[in-house]
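See structure below.
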Amino acid sequence: MEDAFVYVLFGTVIVAVIVAVLSLKGDRYEHIGKGGLFEEEPRRRPQPAAVTAAVRDEEIRQLVAAKNARRATKGQAPLDVDEEIARLTPEPSHDPALVGEIREMVELKNARRLRQGKEPLDVEAEVARQVRDLLG
């Protein structure tokens with residue numbers, strides 16, 4: 001009986017090793033770490049900066065309104081909502097290299113407009129507009 005146990009044990013180990021080696025073959029495990037539970041998960045597109053800034057400002061407005069409600073229950077004077085939003089919202093900082101590239105693009109656009117006989121754009125105003133449109 002003990003001889004049969006040894007044969008069954010070694011037979012099981014050999015079959016398990018063969019199955020393990022065969023399971024590594026192919027692309028069964030290529031999807032691991034590439035997403036959620038589903039293979040074709042839709043990609044989320046980043047929101048434009050203007051949309052996220054508007055959402056951020058609305059959420060800050062709601063938080064300040066809640067803070068004012070708490071202050072009112074304590075008998076304190078309410079805060080000015082717009083002033084508090086301005087205090088809590090940082091001024092956007094722009095990458096100088098990006099602004100330089102935008103300025104260069106606007107200057108090239110002006111040169112092209114001059115060649116076409118059109119009136120040139122105000123460089124500073126156009127740079128400010130494009131930075132605002134791009135970065136919010």
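Here, A, B, ... name the chains of the structure tokens in the order displayed, residue numbers run from 1 inside each chain, and ligands are numbered from 1 in the same displayed order.
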Q) Could you pull the residues within 10 Å of Asp57 of chain A, counting only C-alpha atoms, minus those fewer than 6 positions along the same chain, as a list of chain:residue names? A)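 Here the answer would be A:Val51, A:Leu63, A:Asp82, A:Ile85, A:Ala86, A:Leu88, A:Thr89.
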Would you save the residues of that selection, restricted to N, CA and C atoms, as a short mmCIF file (atom, residue, chain, number, x, y, z; two decimals), in the first residue's frame?
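Below is the file part01.cif, written as the result:
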```
data_model
loop_
_atom_site.label_atom_id
_atom_site.label_comp_id
_atom_site.auth_asym_id
_atom_site.auth_seq_id
_atom_site.Cartn_x
_atom_site.Cartn_y
_atom_site.Cartn_z
N VAL A 51 -13.38 73.81 -17.67
CA VAL A 51 -14.46 73.05 -17.05
C VAL A 51 -14.07 72.68 -15.62
N LEU A 63 -18.69 74.88 -0.28
CA LEU A 63 -17.99 74.72 1.00
C LEU A 63 -18.07 76.00 1.83
N ASP A 82 -17.33 85.58 -2.34
CA ASP A 82 -16.38 85.86 -3.43
C ASP A 82 -14.97 86.12 -2.90
N ILE A 85 -13.50 82.77 -1.88
CA ILE A 85 -13.10 81.99 -3.06
C ILE A 85 -11.78 82.52 -3.61
N ALA A 86 -11.64 83.84 -3.68
CA ALA A 86 -10.40 84.43 -4.17
C ALA A 86 -9.23 84.07 -3.25
N LEU A 88 -9.01 81.32 -1.32
CA LEU A 88 -8.75 79.88 -1.37
C LEU A 88 -8.24 79.40 -2.73
N THR A 89 -8.52 80.13 -3.78
CA THR A 89 -8.13 79.71 -5.12
C THR A 89 -6.77 80.30 -5.45
#
```
inquiry  = Report as a list of chain:residue names all protein, DNA and RNA residues lying within 12 Å of Val99 of chain A, evaluated on only C-alpha atoms, omitting residues in the same chain fewer than 2 positions from it.
reply    =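 Contacts, with the query itself left out: A:Ser93, A:His94, A:Asp95, A:Pro96, A:Ala97, A:Glu101, A:Ile102, A:Arg103, A:Glu104, A:Met105, A:Val106, A:Val123, A:Glu124, A:Glu126, A:Val127, A:Ala128, A:Arg129, A:Gln130, A:Val131, A:Arg132, A:Leu134, A:Leu135.
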Dump as a PDB file, in the first residue's frame, selection limited to N, CA and C atoms:
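In the end it all went to again.pdb:
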```
ATOM      1  N   SER A  93      -0.197  79.488 -12.211  1.00  0.00           N
ATOM      2  CA  SER A  93       1.157  79.809 -12.641  1.00  0.00           C
ATOM      3  C   SER A  93       1.386  79.143 -13.990  1.00  0.00           C
ATOM      4  N   HIS A  94       1.954  79.893 -14.896  1.00  0.00           N
ATOM      5  CA  HIS A  94       2.157  79.390 -16.247  1.00  0.00           C
ATOM      6  C   HIS A  94       3.633  79.132 -16.463  1.00  0.00           C
ATOM      7  N   ASP A  95       3.899  78.053 -17.154  1.00  0.00           N
ATOM      8  CA  ASP A  95       5.264  77.684 -17.480  1.00  0.00           C
ATOM      9  C   ASP A  95       5.836  78.722 -18.448  1.00  0.00           C
ATOM     10  N   PRO A  96       6.949  79.373 -18.090  1.00  0.00           N
ATOM     11  CA  PRO A  96       7.501  80.400 -18.976  1.00  0.00           C
ATOM     12  C   PRO A  96       7.896  79.856 -20.351  1.00  0.00           C
ATOM     13  N   ALA A  97       8.339  78.616 -20.409  1.00  0.00           N
ATOM     14  CA  ALA A  97       8.711  78.033 -21.698  1.00  0.00           C
ATOM     15  C   ALA A  97       7.479  77.880 -22.587  1.00  0.00           C
ATOM     16  N   GLU A 101       6.715  79.680 -26.151  1.00  0.00           N
ATOM     17  CA  GLU A 101       6.333  78.980 -27.384  1.00  0.00           C
ATOM     18  C   GLU A 101       5.060  79.566 -27.975  1.00  0.00           C
ATOM     19  N   ILE A 102       4.110  79.904 -27.118  1.00  0.00           N
ATOM     20  CA  ILE A 102       2.870  80.511 -27.607  1.00  0.00           C
ATOM     21  C   ILE A 102       3.168  81.865 -28.234  1.00  0.00           C
ATOM     22  N   ARG A 103       4.046  82.646 -27.583  1.00  0.00           N
ATOM     23  CA  ARG A 103       4.421  83.951 -28.127  1.00  0.00           C
ATOM     24  C   ARG A 103       5.080  83.797 -29.496  1.00  0.00           C
ATOM     25  N   GLU A 104       5.968  82.810 -29.617  1.00  0.00           N
ATOM     26  CA  GLU A 104       6.636  82.565 -30.895  1.00  0.00           C
ATOM     27  C   GLU A 104       5.618  82.181 -31.973  1.00  0.00           C
ATOM     28  N   MET A 105       4.641  81.353 -31.595  1.00  0.00           N
ATOM     29  CA  MET A 105       3.612  80.956 -32.549  1.00  0.00           C
ATOM     30  C   MET A 105       2.779  82.156 -33.001  1.00  0.00           C
ATOM     31  N   VAL A 106       2.456  83.046 -32.059  1.00  0.00           N
ATOM     32  CA  VAL A 106       1.667  84.232 -32.405  1.00  0.00           C
ATOM     33  C   VAL A 106       2.473  85.155 -33.310  1.00  0.00           C
ATOM     34  N   VAL A 123       0.089  91.102 -30.049  1.00  0.00           N
ATOM     35  CA  VAL A 123       0.798  89.909 -29.591  1.00  0.00           C
ATOM     36  C   VAL A 123       0.465  89.599 -28.137  1.00  0.00           C
ATOM     37  N   GLU A 124       0.539  90.598 -27.258  1.00  0.00           N
ATOM     38  CA  GLU A 124       0.316  90.350 -25.834  1.00  0.00           C
ATOM     39  C   GLU A 124      -1.113  89.877 -25.577  1.00  0.00           C
ATOM     40  N   GLU A 126      -3.145  88.382 -27.683  1.00  0.00           N
ATOM     41  CA  GLU A 126      -3.342  87.053 -28.267  1.00  0.00           C
ATOM     42  C   GLU A 126      -2.657  85.986 -27.420  1.00  0.00           C
ATOM     43  N   VAL A 127      -1.465  86.282 -26.904  1.00  0.00           N
ATOM     44  CA  VAL A 127      -0.773  85.325 -26.028  1.00  0.00           C
ATOM     45  C   VAL A 127      -1.605  85.096 -24.778  1.00  0.00           C
ATOM     46  N   ALA A 128      -2.113  86.172 -24.170  1.00  0.00           N
ATOM     47  CA  ALA A 128      -2.931  86.032 -22.967  1.00  0.00           C
ATOM     48  C   ALA A 128      -4.188  85.224 -23.253  1.00  0.00           C
ATOM     49  N   ARG A 129      -4.814  85.449 -24.408  1.00  0.00           N
ATOM     50  CA  ARG A 129      -6.030  84.716 -24.755  1.00  0.00           C
ATOM     51  C   ARG A 129      -5.748  83.239 -24.937  1.00  0.00           C
ATOM     52  N   GLN A 130      -4.656  82.918 -25.632  1.00  0.00           N
ATOM     53  CA  GLN A 130      -4.341  81.506 -25.881  1.00  0.00           C
ATOM     54  C   GLN A 130      -3.931  80.792 -24.595  1.00  0.00           C
ATOM     55  N   VAL A 131      -3.188  81.486 -23.735  1.00  0.00           N
ATOM     56  CA  VAL A 131      -2.820  80.873 -22.447  1.00  0.00           C
ATOM     57  C   VAL A 131      -4.077  80.630 -21.630  1.00  0.00           C
ATOM     58  N   ARG A 132      -4.986  81.594 -21.611  1.00  0.00           N
ATOM     59  CA  ARG A 132      -6.239  81.448 -20.873  1.00  0.00           C
ATOM     60  C   ARG A 132      -7.062  80.295 -21.447  1.00  0.00           C
ATOM     61  N   LEU A 134      -5.961  77.721 -23.141  1.00  0.00           N
ATOM     62  CA  LEU A 134      -5.247  76.460 -22.992  1.00  0.00           C
ATOM     63  C   LEU A 134      -5.203  75.996 -21.545  1.00  0.00           C
ATOM     64  N   LEU A 135      -4.876  76.902 -20.646  1.00  0.00           N
ATOM     65  CA  LEU A 135      -4.659  76.511 -19.256  1.00  0.00           C
ATOM     66  C   LEU A 135      -5.791  76.884 -18.319  1.00  0.00           C
TER      67      LEU A 135
END
```
Would you please extract all alpha helix (DSSP H) residues from chain A, as assigned by DSSP on the backbone, and give them as a ChimeraX atom specification? /A:2-24,49-73,81-88,96-115,123-135
Quiz item: What is the atom CA of Glu30 of chain A-atom CA of Ala16 of chain A distance in Å, reported with one decimal?
Solution: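 Going from atom CA of Glu30 of chain A over to atom CA of Ala16 of chain A, I get 22.0 Å.
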Near-Ala65 of chain A list (10 Å; only C-alpha atoms; drop same-chain fewer than 6 positions) as a list in words: Glu59, Arg71, Pro78, Leu79, Asp80 and Val81 of chain A
